[in-house]
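Q: structure_32.cif is the file, holding mmCIF, C-alpha atoms:
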data_target
#
loop_
_atom_site.label_atom_id
_atom_site.label_comp_id
_atom_site.auth_asym_id
_atom_site.auth_seq_id
_atom_site.Cartn_x
_atom_site.Cartn_y
_atom_site.Cartn_z
CA MET A 1087 102.19 199.11 54.98
CA ALA A 1088 101.06 200.67 58.24
CA ARG A 1089 97.55 199.67 57.36
CA ALA A 1090 98.61 196.09 56.75
CA SER A 1091 100.41 195.95 60.10
CA LEU A 1092 97.39 197.34 61.85
CA TRP A 1093 95.25 194.74 60.17
CA LEU A 1094 97.61 191.96 61.18
CA CYS A 1095 97.45 193.19 64.75
CA ALA A 1096 93.67 193.04 64.56
CA LEU A 1097 93.89 189.52 63.20
CA SER A 1098 96.17 188.43 66.03
CA LEU A 1099 93.77 189.92 68.55
CA LEU A 1100 90.86 188.16 66.92
CA SER A 1101 92.55 184.78 66.90
CA ALA A 1102 93.82 185.36 70.44
CA THR A 1103 90.25 185.97 71.57
CA ALA A 1104 88.91 182.95 69.76
CA ILE A 1105 91.45 180.64 71.31
CA ALA A 1106 91.55 182.18 74.77
CA GLN A 1107 90.33 178.92 76.31
CA GLU A 1108 93.00 176.83 74.63
CA THR A 1109 96.50 176.06 75.76
CA PRO A 1110 99.33 176.38 73.21
CA VAL A 1111 99.54 172.58 73.15
CA GLN A 1112 95.86 172.24 72.22
CA ARG A 1113 96.16 174.97 69.63
CA GLY A 1114 99.30 173.34 68.28
CA ALA A 1115 97.56 169.97 68.00
CA TYR A 1116 94.94 171.58 65.80
CA LEU A 1117 97.53 173.36 63.68
CA VAL A 1118 99.58 170.17 63.26
CA GLN A 1119 96.45 168.51 61.85
CA ALA A 1120 95.66 171.50 59.64
CA GLY A 1121 99.27 171.48 58.45
CA GLY A 1122 99.04 167.91 57.23
CA CYS A 1123 102.12 166.97 59.27
CA ILE A 1124 100.75 163.59 60.36
CA THR A 1125 100.17 162.18 56.88
CA CYS A 1126 103.73 162.62 55.67
CA HIS A 1127 105.59 162.15 58.94
CA THR A 1128 103.97 158.79 59.71
CA ALA A 1129 105.15 155.61 57.99
CA ASP A 1130 102.63 154.14 55.56
CA GLU A 1131 102.15 150.84 57.40
CA SER A 1132 99.52 149.72 59.86
CA GLY A 1133 100.49 150.35 63.45
CA ALA A 1134 103.11 152.96 62.56
CA THR A 1135 103.78 155.47 65.33
CA PRO A 1136 102.39 158.87 64.35
CA LEU A 1137 105.01 161.50 63.50
CA ALA A 1138 108.00 159.17 63.92
CA GLY A 1139 108.75 159.49 60.18
CA GLY A 1140 109.75 156.93 57.59
CA ARG A 1141 107.12 157.51 54.92
CA ALA A 1142 108.41 157.29 51.37
CA LEU A 1143 107.54 160.07 48.93
CA GLU A 1144 108.38 158.78 45.47
CA THR A 1145 108.92 161.69 43.10
CA PRO A 1146 110.41 162.14 39.62
CA PHE A 1147 113.52 163.42 41.45
CA GLY A 1148 114.01 160.40 43.69
CA THR A 1149 112.53 158.93 46.85
CA PHE A 1150 112.39 161.07 49.96
CA TYR A 1151 111.84 159.62 53.43
CA SER A 1152 110.15 161.81 56.01
CA PRO A 1153 112.05 162.34 59.26
CA ASN A 1154 111.07 161.64 62.85
CA ILE A 1155 109.51 164.76 64.40
CA THR A 1156 108.79 163.33 67.83
CA PRO A 1157 110.80 164.98 70.65
CA ASP A 1158 113.49 162.30 70.85
CA GLN A 1159 116.77 164.07 71.62
CA GLU A 1160 118.90 162.18 69.13
CA THR A 1161 116.68 160.87 66.35
CA GLY A 1162 113.83 163.38 66.57
CA ILE A 1163 113.62 167.12 67.08
CA GLY A 1164 113.77 167.20 70.87
CA ALA A 1165 117.07 169.07 70.94
CA TRP A 1166 115.95 171.89 68.65
CA SER A 1167 115.51 175.44 69.92
CA ASP A 1168 112.41 177.48 69.13
CA ASP A 1169 114.37 179.55 66.64
CA GLU A 1170 115.72 176.48 64.89
CA PHE A 1171 112.20 175.13 64.59
CA VAL A 1172 110.87 178.39 63.14
CA ARG A 1173 113.81 178.72 60.74
CA ALA A 1174 113.13 175.27 59.29
CA PHE A 1175 109.67 176.46 58.19
CA TRP A 1176 110.55 180.03 57.24
CA GLU A 1177 113.84 179.38 55.45
CA GLY A 1178 113.96 175.67 54.69
CA VAL A 1179 117.12 175.28 56.74
CA GLY A 1180 117.54 172.92 59.66
CA PRO A 1181 119.87 173.08 62.67
CA GLY A 1182 123.52 173.38 61.68
CA GLY A 1183 122.64 175.02 58.35
CA ARG A 1184 121.33 171.84 56.78
CA TYR A 1185 119.32 172.82 53.68
CA TYR A 1186 116.08 170.95 53.13
CA PHE A 1187 114.83 169.58 49.87
CA PRO A 1188 111.40 170.97 48.97
CA SER A 1189 109.83 167.58 49.74
CA PHE A 1190 109.44 169.38 53.08
CA PRO A 1191 106.99 172.03 51.89
CA TYR A 1192 108.70 175.04 53.43
CA THR A 1193 107.93 176.75 50.13
CA SER A 1194 104.36 176.99 51.52
CA TYR A 1195 105.14 176.94 55.25
CA THR A 1196 107.32 180.03 54.91
CA GLY A 1197 104.12 182.05 55.29
CA LEU A 1198 103.26 180.68 58.75
CA LEU A 1199 103.04 183.02 61.71
CA ARG A 1200 105.63 182.55 64.44
CA GLU A 1201 103.00 182.18 67.16
CA ASP A 1202 101.41 179.33 65.21
CA LEU A 1203 104.74 177.61 64.70
CA LEU A 1204 105.55 177.85 68.39
CA ALA A 1205 102.17 176.35 69.26
CA MET A 1206 102.89 173.47 66.86
CA ARG A 1207 106.27 173.03 68.48
CA ALA A 1208 104.66 173.00 71.95
CA TYR A 1209 102.31 170.24 70.83
CA LEU A 1210 105.08 168.17 69.23
CA ALA A 1211 107.21 168.60 72.36
CA SER A 1212 104.33 167.23 74.45
CA LEU A 1213 104.37 163.89 72.61
CA GLU A 1214 106.20 160.80 73.71
CA PRO A 1215 109.73 160.74 72.26
CA ILE A 1216 110.21 157.86 69.84
CA ARG A 1217 113.71 156.67 69.15
CA LYS A 1218 113.76 155.97 65.41
CA PRO A 1219 116.71 157.01 63.23
CA ASN A 1220 115.87 158.76 59.99
CA ARG A 1221 116.29 156.98 56.70
CA GLU A 1222 118.48 158.69 54.11
CA HIS A 1223 116.76 159.93 50.95
CA ASP A 1224 117.32 157.81 47.85
CA LEU A 1225 118.34 160.37 45.21
CA PRO A 1226 120.33 160.41 41.98
CA TRP A 1227 124.00 161.38 42.43
CA TYR A 1228 123.54 164.92 41.16
CA LEU A 1229 120.97 165.64 43.89
CA ASN A 1230 122.58 163.60 46.61
CA SER A 1231 124.02 166.53 48.46
CA ARG A 1232 122.64 169.30 50.62
CA LEU A 1233 124.43 171.67 48.24
CA ALA A 1234 121.89 170.66 45.61
CA ALA A 1235 119.14 171.62 48.04
CA ALA A 1236 120.83 174.96 48.69
CA ALA A 1237 121.15 175.63 44.95
CA TRP A 1238 117.50 174.75 44.45
CA GLN A 1239 116.50 177.27 47.10
CA LEU A 1240 118.60 179.99 45.55
CA LEU A 1241 116.81 179.50 42.23
CA ASN A 1242 113.27 178.74 43.31
CA PHE A 1243 112.46 179.84 46.84
CA ASP A 1244 110.81 183.11 47.77
CA PRO A 1245 110.60 183.25 51.58
CA GLY A 1246 108.12 185.51 53.34
CA ARG A 1247 105.33 185.62 55.92
CA PHE A 1248 101.68 185.59 54.99
CA GLN A 1249 100.46 189.11 54.35
CA GLY A 1250 96.71 189.35 54.66
CA ASP A 1251 94.66 191.45 52.29
CA PRO A 1252 92.98 194.16 54.40
CA ASP A 1253 90.35 194.69 51.69
CA ARG A 1254 89.13 191.13 52.09
CA LYS A 1255 87.04 189.63 54.85
CA ASP A 1256 88.61 187.70 57.72
CA ALA A 1257 87.28 184.39 56.39
CA TRP A 1258 88.96 184.93 53.02
CA ASN A 1259 92.26 185.74 54.72
CA ARG A 1260 91.95 182.72 57.00
CA GLY A 1261 91.21 180.59 53.93
CA ALA A 1262 94.23 181.96 52.08
CA TYR A 1263 96.42 181.16 55.09
CA LEU A 1264 95.05 177.62 55.34
CA VAL A 1265 95.10 176.83 51.61
CA ARG A 1266 98.36 178.50 50.52
CA HIS A 1267 100.46 178.07 53.64
CA LEU A 1268 99.40 175.78 56.47
CA GLY A 1269 97.44 173.26 54.36
CA HIS A 1270 99.97 173.66 51.49
CA CYS A 1271 97.37 172.56 48.91
CA GLY A 1272 99.46 173.98 46.08
CA GLU A 1273 102.32 171.56 46.72
CA CYS A 1274 100.21 168.93 44.96
CA HIS A 1275 97.58 170.97 43.09
CA THR A 1276 99.95 173.46 41.43
CA PRO A 1277 101.92 172.22 38.40
CA ARG A 1278 105.69 172.31 38.62
CA GLY A 1279 108.44 173.32 36.23
CA ARG A 1280 111.45 171.32 35.22
CA LEU A 1281 113.23 171.97 38.47
CA GLY A 1282 110.22 171.03 40.55
CA ASP A 1283 109.41 174.70 41.13
CA MET A 1284 105.72 175.51 41.61
CA LEU A 1285 104.41 177.45 38.59
CA LEU A 1286 102.51 180.12 40.49
CA ASP A 1287 100.87 181.53 37.35
CA LEU A 1288 99.02 178.20 37.32
CA GLU A 1289 98.44 178.04 41.06
CA MET A 1290 95.92 175.26 41.96
CA ALA A 1291 95.27 174.50 38.24
CA GLY A 1292 96.16 170.83 38.71
CA THR A 1293 98.74 168.71 36.95
CA ASN A 1294 99.04 165.49 35.02
CA ALA A 1295 102.00 164.54 37.14
CA GLY A 1296 101.83 165.47 40.81
CA PRO A 1297 104.58 164.89 43.34
CA SER A 1298 104.20 161.12 43.12
CA GLY A 1299 103.70 161.13 39.34
CA LYS A 1300 99.91 160.81 39.55
CA PRO A 1301 97.42 163.33 38.15
CA VAL A 1302 96.12 165.92 40.61
CA PRO A 1303 92.91 167.80 39.84
CA ASN A 1304 92.40 171.45 39.07
CA ILE A 1305 90.79 173.18 42.07
CA THR A 1306 90.27 176.63 40.57
CA PRO A 1307 86.76 177.85 39.68
CA HIS A 1308 87.05 176.88 36.01
CA ALA A 1309 85.04 174.32 34.03
CA ASP A 1310 88.15 172.10 34.22
CA GLY A 1311 88.15 172.45 37.99
CA ILE A 1312 85.50 173.28 40.57
CA GLY A 1313 83.67 175.88 38.47
CA ASP A 1314 80.42 173.92 38.63
CA TRP A 1315 80.60 173.18 42.36
CA ASP A 1316 78.59 175.11 44.90
CA ARG A 1317 79.75 175.99 48.41
CA ASP A 1318 78.05 173.03 50.06
CA GLU A 1319 79.62 170.61 47.61
CA LEU A 1320 83.07 171.99 48.37
CA LEU A 1321 82.41 171.70 52.09
CA LEU A 1322 81.23 168.11 51.75
CA LEU A 1323 84.38 167.24 49.80
CA LEU A 1324 86.56 168.70 52.55
CA GLU A 1325 84.54 167.05 55.30
CA ILE A 1326 83.78 163.57 53.99
CA GLY A 1327 85.48 163.32 50.59
CA MET A 1328 82.39 163.23 48.40
CA GLU A 1329 82.40 164.75 44.94
CA PRO A 1330 79.15 166.23 43.58
CA ASP A 1331 78.48 163.19 41.36
CA GLY A 1332 78.50 160.86 44.36
CA ASP A 1333 82.02 159.55 43.84
CA PHE A 1334 84.40 159.53 46.80
CA VAL A 1335 88.04 160.50 46.60
CA GLY A 1336 90.66 157.88 47.33
CA GLY A 1337 94.43 157.89 47.25
CA SER A 1338 96.39 160.66 48.86
CA MET A 1339 93.45 163.10 49.02
CA ALA A 1340 91.55 160.60 51.16
CA GLU A 1341 94.46 160.78 53.60
CA VAL A 1342 94.39 164.56 53.52
CA ILE A 1343 90.69 164.45 54.39
CA ASP A 1344 91.15 161.83 57.13
CA ASP A 1345 94.15 163.50 58.79
CA ASN A 1346 93.43 167.13 58.09
CA THR A 1347 90.34 168.71 56.55
CA SER A 1348 87.72 166.47 58.21
CA LEU A 1349 89.16 167.52 61.58
CA LEU A 1350 89.01 171.26 60.94
CA THR A 1351 86.29 173.45 62.39
CA PRO A 1352 83.37 174.05 60.00
CA GLY A 1353 84.44 177.69 59.96
CA ASP A 1354 87.92 176.82 58.75
CA ARG A 1355 86.56 174.54 56.02
CA GLU A 1356 84.26 177.32 54.92
CA ALA A 1357 87.18 179.75 54.88
CA MET A 1358 89.08 177.40 52.58
CA ALA A 1359 86.07 177.14 50.28
CA ILE A 1360 85.64 180.93 50.22
CA TYR A 1361 89.27 181.38 49.26
CA LEU A 1362 89.21 178.69 46.55
CA GLU A 1363 86.05 180.17 45.04
CA SER A 1364 87.78 183.54 44.80
CA LEU A 1365 90.73 182.29 42.74
CA PRO A 1366 90.99 183.07 39.04
CA GLY A 1367 89.53 180.18 37.03
CA LEU A 1368 92.36 178.54 35.13
CA ALA A 1369 92.24 175.88 32.43
CA SER A 1370 94.14 172.73 33.30
CA PRO A 1371 97.64 172.67 31.79
CA ALA A 1372 97.81 170.30 28.85
CA ALA A 1373 100.95 168.28 29.47
CA PRO A 1374 103.11 167.34 32.40
CA VAL A 1375 105.91 169.84 32.75
CA ASN A 1376 107.97 168.45 35.58
CA GLU A 1377 110.15 165.88 33.82
CA PRO A 1378 113.54 166.41 35.44
CA MET B 262 52.76 122.21 36.49
CA ARG B 263 54.22 120.44 39.50
CA PRO B 264 56.93 122.34 41.39
CA ALA B 265 59.58 119.72 40.57
CA HIS B 266 58.89 120.11 36.87
CA LEU B 267 59.05 123.87 37.16
CA SER B 268 62.43 123.65 38.86
CA LEU B 269 63.76 121.33 36.19
CA LEU B 270 62.55 123.69 33.49
CA LEU B 271 64.23 126.62 35.19
CA VAL B 272 67.52 124.75 35.50
CA ILE B 273 67.44 123.77 31.83
CA THR B 274 66.59 127.33 30.81
CA ALA B 275 69.41 128.70 32.93
CA PHE B 276 71.91 126.41 31.26
CA THR B 277 70.74 127.08 27.72
CA VAL B 278 70.59 130.91 27.86
CA SER B 279 73.27 131.70 30.43
CA PRO B 280 76.16 133.91 29.20
CA PRO B 281 79.71 132.55 29.01
CA ALA B 282 81.22 131.62 32.35
CA ALA B 283 83.22 134.22 34.26
CA ALA B 284 86.46 132.37 33.53
CA GLU B 285 86.23 133.75 30.00
CA THR B 286 85.54 137.31 31.09
CA SER B 287 88.47 139.61 30.37
CA PRO B 288 89.79 142.02 33.00
CA GLU B 289 88.69 144.81 30.67
CA ASP B 290 85.09 143.60 30.75
CA TRP B 291 85.26 143.11 34.51
CA GLY B 292 86.48 146.68 34.72
CA LYS B 293 83.49 147.88 32.68
CA TYR B 294 81.12 145.85 34.81
CA ARG B 295 82.57 147.21 38.04
CA GLN B 296 82.43 150.71 36.64
CA ALA B 297 78.74 150.23 35.86
CA ALA B 298 78.07 148.87 39.35
CA MET B 299 79.92 151.83 40.90
CA GLU B 300 77.97 154.28 38.72
CA VAL B 301 74.76 152.84 40.15
CA MET B 302 76.03 153.47 43.67
CA LYS B 303 77.21 156.97 42.78
CA GLY B 304 73.75 157.86 41.49
CA HIS B 305 72.02 156.68 44.64
CA ILE B 306 74.60 158.37 46.85
CA SER B 307 74.33 161.68 45.05
CA ALA B 308 70.53 161.61 45.25
CA ILE B 309 70.56 160.66 48.94
CA SER B 310 73.06 163.42 49.76
CA LEU B 311 70.85 166.08 48.19
CA VAL B 312 67.99 165.01 50.44
CA ALA B 313 70.10 164.25 53.52
CA PHE B 314 71.64 167.73 53.50
CA GLY B 315 68.37 169.51 52.87
CA LYS B 316 68.76 170.56 49.25
CA VAL B 317 65.82 168.57 47.91
CA ASP B 318 62.77 167.31 49.78
CA ASP B 319 62.21 163.58 49.90
CA THR B 320 60.10 162.78 46.85
CA GLY B 321 58.79 159.75 48.70
CA TYR B 322 61.43 157.56 47.08
CA LEU B 323 64.42 158.16 49.34
CA GLN B 324 64.01 154.66 50.74
CA ASN B 325 64.29 153.28 47.22
CA HIS B 326 67.65 154.98 46.82
CA ALA B 327 68.87 153.63 50.16
CA ASP B 328 67.60 150.17 49.27
CA GLY B 329 69.23 150.42 45.85
CA LEU B 330 72.54 151.42 47.39
CA ALA B 331 72.41 148.47 49.79
CA ALA B 332 71.51 146.13 46.93
CA ALA B 333 74.45 147.40 44.89
CA ALA B 334 76.78 147.09 47.88
CA ALA B 335 75.69 143.47 48.33
CA GLU B 336 77.39 142.68 45.02
CA LEU B 337 80.78 144.11 45.98
CA GLY B 338 82.16 140.81 47.20
CA ALA B 339 81.29 139.11 43.90
CA ILE B 340 82.74 141.46 41.30
CA PHE B 341 86.43 141.28 42.07
CA PRO B 342 87.38 137.71 41.15
CA PRO B 343 91.09 136.85 41.13
CA GLY B 344 92.81 137.78 37.88
CA SER B 345 90.29 140.46 36.93
CA GLY B 346 92.28 143.51 37.91
CA GLU B 347 94.82 144.21 35.22
CA GLY B 348 94.52 147.66 33.72
CA THR B 349 91.23 148.41 35.46
CA GLY B 350 92.15 150.86 38.18
CA SER B 351 91.80 148.18 40.85
CA LEU B 352 94.88 147.91 43.02
CA ASP B 353 96.58 144.55 43.52
CA SER B 354 95.99 144.97 47.25
CA ILE B 355 92.42 143.70 46.63
CA TRP B 356 93.85 140.26 45.95
CA SER B 357 97.10 140.38 47.93
CA GLU B 358 95.28 141.43 51.12
CA PRO B 359 92.02 139.49 50.78
CA GLU B 360 91.08 139.67 54.45
CA LYS B 361 91.50 143.42 54.55
CA PHE B 362 89.46 143.75 51.36
CA ALA B 363 86.72 141.47 52.69
CA ALA B 364 86.54 143.60 55.83
CA ALA B 365 86.21 146.74 53.70
CA VAL B 366 83.42 145.15 51.67
CA LYS B 367 81.63 144.15 54.85
CA GLU B 368 81.96 147.67 56.21
CA ALA B 369 80.45 149.07 53.01
CA GLN B 370 77.54 146.64 53.26
CA ASP B 371 77.00 147.27 56.97
CA SER B 372 77.09 151.04 56.53
CA ALA B 373 74.67 150.83 53.59
CA ALA B 374 72.33 148.75 55.78
CA ALA B 375 72.63 151.35 58.56
CA LEU B 376 71.70 154.03 56.04
CA GLN B 377 68.66 152.00 55.00
CA SER B 378 67.52 151.88 58.64
CA ALA B 379 68.19 155.59 59.16
CA VAL B 380 66.15 156.47 56.10
CA ALA B 381 63.36 154.23 57.34
CA SER B 382 63.39 156.18 60.62
CA GLY B 383 62.76 159.37 58.68
CA GLU B 384 64.95 161.48 60.97
CA ARG B 385 67.09 163.84 58.94
CA GLY B 386 69.85 163.99 61.54
CA ALA B 387 70.10 160.21 61.65
CA ILE B 388 70.10 160.07 57.85
CA ALA B 389 72.90 162.63 57.57
CA GLY B 390 74.92 160.76 60.21
CA ALA B 391 74.47 157.40 58.54
CA PHE B 392 75.27 158.98 55.20
CA ARG B 393 78.59 160.23 56.58
CA GLY B 394 79.30 156.70 57.82
CA ALA B 395 78.55 155.16 54.43
CA GLY B 396 80.67 157.81 52.75
CA GLY B 397 83.54 157.01 55.06
CA SER B 398 83.47 153.41 53.91
CA CYS B 399 83.49 154.50 50.24
CA LYS B 400 86.48 156.75 50.87
CA GLY B 401 88.31 154.15 52.94
CA CYS B 402 87.95 151.53 50.22
CA HIS B 403 89.05 153.92 47.47
CA GLU B 404 92.01 154.94 49.60
CA ASP B 405 93.27 151.39 49.98
CA PHE B 406 92.11 149.63 46.85
CA ARG B 407 91.57 152.05 43.96
CA ALA B 408 94.43 153.37 41.84
CA GLU B 409 94.81 157.14 41.62
CA GLU B 410 93.68 158.04 38.13
#
Take the structure I supplied and represent it as structure tokens, if you would.

A:
Amino acid sequence: MARASLWLCALSLLSATAIAQETPVQRGAYLVQAGGCITCHTADESGATPLAGGRALETPFGTFYSPNITPDQETGIGAWSDDEFVRAFWEGVGPGGRYYFPSFPYTSYTGLLREDLLAMRAYLASLEPIRKPNREHDLPWYLNSRLAAAAWQLLNFDPGRFQGDPDRKDAWNRGAYLVRHLGHCGECHTPRGRLGDMLLDLEMAGTNAGPSGKPVPNITPHADGIGDWDRDELLLLLEIGMEPDGDFVGGSMAEVIDDNTSLLTPGDREAMAIYLESLPGLASPAAPVNEP
Amino acid sequence: MRPAHLSLLLVITAFTVSPPAAAETSPEDWGKYRQAAMEVMKGHISAISLVAFGKVDDTGYLQNHADGLAAAAAELGAIFPPGSGEGTGSLDSIWSEPEKFAAAVKEAQDSAAALQSAVASGERGAIAGAFRGAGGSCKGCHEDFRAEE
């Protein structure tokens, strides 16, 4: 334990050195990109204001609408305190004890470091406030209550900060942080159980029915996944969206590349690749398992 | 043979051996045709990427691949006729937003032409840059107009 703490201290020092030239707002801007916030919190229509919410996420459990996270006092998150902001990510609970549905991927974000979250908050607070009321989720009656969200958390949520592995290199740990927590890749690439819980024994093994009902590929180093890919091919996928056979991804992964991975530093993309290559190779699960 | 006679002969030949008109082509066959056309582009793109990013030296035929990609891209505007989309993985937005689709096709063709020029210049940095541009147009089009499989 002491060793892990020491290591975390070293990591903080390292990242503090690397970003010494940056303000928290600049650092937060980068982290907001790496966290994929823009894709989901921006309406899916041309000319939509970034981060003002309103994007529909159609899932087997109903349609969720992302909220406004610009600093508007009434319709955005301008009135939140730092602690309220951090709690939303760490515990999946908003101001006033409002439980979130896991359409907000706090199940992954729970691992984020407080200093990173506060930098993200500083960046979001620097944006122009947009007055745009949130749209209510469209859910079946048995889910249409925050009590349902609270019950879901009780059954399926394991909160906790990212604990690096001191026996691994910094790049691997950075990759783990980006893939499992900030980039929340598993929210789409990990199959889910009947309650929409991520099946962590099959982490990143892909699914026939992702969050929007579409297949999502296996990204573990198995023949069903990225077992045949080399490092450069992985990096090219994350940077420009090309698969080794010359195809280009479309759909939601194209958005992830546009809004997130193409904007990362080459070092961060490499860290993600290093981490993905280190995962156990898993066969793709045969059938969709997330029918509610 | 006089040129006029040659032309007449060609016209007659075209009419007698031409395949059935596109109006009779099923969406399924259009889908197969588009798939084949895309496979051609994928092959050129994959080959160009291996050279552009320094994995394989130019065999002397890189320009052929760039030319082939541009030639394949030239066809993009002709292989999505109205009514040919059902069950093929093409999104309805191709036909419901024709101006947006036409702009995407033009971008693909322009970026393929830019890649041709970059390859002709022989500068690896320029080739890699133009390749990224062409790739961006592939991704953009798939994002807006191809169904997630």

Q: What is the distance, in Å and to one decimal place, between CA of Ala1211 (chain A) and CA of Gly1182 (chain A)?

A: 20.1 Å

Q: Select, from A:Arg1217, A:Arg1184, A:His1127, A:His1270, the residue with the minimum atom-to-atom distance to Gln1159 (chain A), counting only C-alpha atoms.

A: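 Smallest distance to Gln1159 (chain A) is found for A:Arg1217.
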
Q: I'd like the contact shell of region 1173-1176 of chain A - 9 Å cut-off, all atoms listed in the file, skipping same-chain residues fewer than 6 positions apart - returned as a PDB file with C-alpha atoms, in the coordinates of the input.

A:
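Now in out10.pdb:
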ATOM      1  CA  TYR A1185     119.320 172.820  53.680  1.00  0.00           C
ATOM      2  CA  TYR A1186     116.080 170.950  53.130  1.00  0.00           C
ATOM      3  CA  PHE A1190     109.440 169.380  53.080  1.00  0.00           C
ATOM      4  CA  PRO A1191     106.990 172.030  51.890  1.00  0.00           C
ATOM      5  CA  TYR A1192     108.700 175.040  53.430  1.00  0.00           C
ATOM      6  CA  THR A1193     107.930 176.750  50.130  1.00  0.00           C
ATOM      7  CA  SER A1194     104.360 176.990  51.520  1.00  0.00           C
ATOM      8  CA  TYR A1195     105.140 176.940  55.250  1.00  0.00           C
ATOM      9  CA  THR A1196     107.320 180.030  54.910  1.00  0.00           C
ATOM     10  CA  GLY A1197     104.120 182.050  55.290  1.00  0.00           C
ATOM     11  CA  LEU A1198     103.260 180.680  58.750  1.00  0.00           C
ATOM     12  CA  LEU A1203     104.740 177.610  64.700  1.00  0.00           C
ATOM     13  CA  PRO A1245     110.600 183.250  51.580  1.00  0.00           C
ATOM     14  CA  GLY A1246     108.120 185.510  53.340  1.00  0.00           C
ATOM     15  CA  ARG A1247     105.330 185.620  55.920  1.00  0.00           C
TER      16      ARG A1247
END

Q: Listing only residues of chain A within 6 Å of chain B, what is the closest atom pair and its distance in Å (to one decimal) for each, using all atoms listed in the file, sorted by chain and residue number ascending, as a Markdown table?

A:
| residue | atom | partner | partner_atom | distance |
| --- | --- | --- | --- | --- |
| A:Asp1331 | CA | B:Ser307 | CA | 5.8 |
| A:Gly1332 | CA | B:Ser307 | CA | 4.3 |
| A:Asp1333 | CA | B:Lys303 | CA | 5.6 |
| A:Phe1334 | CA | B:Lys400 | CA | 5.3 |
| A:Val1335 | CA | B:Lys400 | CA | 5.9 |
| A:Gly1336 | CA | B:Glu404 | CA | 4.0 |
| A:Gly1337 | CA | B:Glu404 | CA | 4.5 |
| A:Ala1340 | CA | B:Glu404 | CA | 5.9 |

Q: Please evaluate the PyMOL selection byres ((chain A and resi 1202) around 10) against the displayed coordinates and give the resulting residues as number ranges by chain.

A: A: 1110, 1113-1114, 1117-1118, 1172, 1198-1201, 1203-1208, 1268

Q: For the file shown, report as a VMD selection string the outcome of the PyMOL selection byres ((chain A and resi 1160) around 10) at residue level.

A: chain A and resid 1157 to 1159 1161 to 1165 1215 to 1219

Q: Please evaluate the PyMOL selection byres ((chain B and resi 295) around 10) against the displayed coordinates and give the resulting residues as a PyMOL selection string.

A: chain B and resi 289-294+296-301+336-337+340-341+349+351

Q: Give me the residues near Ser1370 (chain A) as a ChimeraX atom specification, where near means some atom within 7 Å (using all atoms listed in the file) and where sequence neighbours in that chain fewer than 3 positions away do not count.

A: /A:1291-1292,1304,1310

Q: What would the list of residues within 6 Å of (73.7, 154.8, 60.0) (file frame) look like as a list of chain:residue names, if all atoms listed in the file are what count?

A: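 These residues have at least one counted atom within 6 Å: B:Ala375, B:Leu376, B:Ala379, B:Ala391.
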
Q: Could you write those residues out with C-alpha atoms, as a PDB file, in the frame of the given file?

A:
ATOM      1  CA  ALA B 375      72.630 151.350  58.560  1.00  0.00           C
ATOM      2  CA  LEU B 376      71.700 154.030  56.040  1.00  0.00           C
ATOM      3  CA  ALA B 379      68.190 155.590  59.160  1.00  0.00           C
ATOM      4  CA  ALA B 391      74.470 157.400  58.540  1.00  0.00           C
TER       5      ALA B 391
END

Q: Excluding Gly1148 (chain A) and its own-chain neighbours fewer than 3 positions away, which residues fall within 7 Å of it when counting all atoms listed in the file? Please give them as a ChimeraX atom specification.

A: /A:1144-1145,1224-1226

Q: Dump C-alpha atoms for the selected residues as a PDB file, in the frame of the given file?

A:
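Okay, part04.pdb is ready:
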ATOM      1  CA  GLU A1144     108.380 158.780  45.470  1.00  0.00           C
ATOM      2  CA  THR A1145     108.920 161.690  43.100  1.00  0.00           C
ATOM      3  CA  ASP A1224     117.320 157.810  47.850  1.00  0.00           C
ATOM      4  CA  LEU A1225     118.340 160.370  45.210  1.00  0.00           C
ATOM      5  CA  PRO A1226     120.330 160.410  41.980  1.00  0.00           C
TER       6      PRO A1226
END

Q: When you draw a straight line from CA of Asp1314 (chain A) to CA of Glu1363 (chain A), how long is it in Å?

A: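 Separating CA of Asp1314 (chain A) from CA of Glu1363 (chain A) is a distance of 10.6 Å.
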
Q: In Å, how far is it from CA of Gly1140 (chain A) to CA of Thr1276 (chain A)?

A: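 Taking CA of Gly1140 (chain A) as the start and CA of Thr1276 (chain A) as the end point, the length is 25.1 Å.
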
Q: My list of candidates is A:Glu1273, A:Glu1325, A:Asp1251, A:Asp1130. Which is closest to Pro1297 (chain A) when distances are computed with only C-alpha atoms?

A: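 Smallest distance to Pro1297 (chain A) is found for A:Glu1273.
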
Q: If we count only C-alpha atoms and set the cut-off at 10 Å, which residues sit around Ser357 (chain B), ignoring sequence neighbours fewer than 5 positions away in its own chain? Please answer as a ChimeraX atom specification.

A: /B:343,352,362

Q: When distances are computed from only C-alpha atoms, which of A:Glu1319, A:Asp1256, A:Glu1177, A:Glu1289 shows the smallest separation from Gln1239 (chain A)?

A: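 Under the stated criterion, the closest residue is A:Glu1177.
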
Q: Which residue is closest to Val1111 (chain A)? Choose from A:Ile1305, A:Ile1360, A:Leu1350, A:Leu1213 and count only C-alpha atoms.

A: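 Closest to Val1111 (chain A), using only C-alpha atoms: A:Leu1213.
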
Q: (92.3, 137.6, 35.9) in this file's frame - what residues fall within 10 Å of it? Use all atoms listed in the file and give the answer as a CSV table (one decimal) with C-alpha atoms, keeping the file's coordinate frame.

A:
chain,number,residue,atom,x,y,z
B,283,ALA,CA,83.2,134.2,34.3
B,284,ALA,CA,86.5,132.4,33.5
B,285,GLU,CA,86.2,133.8,30.0
B,286,THR,CA,85.5,137.3,31.1
B,287,SER,CA,88.5,139.6,30.4
B,288,PRO,CA,89.8,142.0,33.0
B,289,GLU,CA,88.7,144.8,30.7
B,291,TRP,CA,85.3,143.1,34.5
B,341,PHE,CA,86.4,141.3,42.1
B,342,PRO,CA,87.4,137.7,41.2
B,343,PRO,CA,91.1,136.8,41.1
B,344,GLY,CA,92.8,137.8,37.9
B,345,SER,CA,90.3,140.5,36.9
B,346,GLY,CA,92.3,143.5,37.9
B,347,GLU,CA,94.8,144.2,35.2
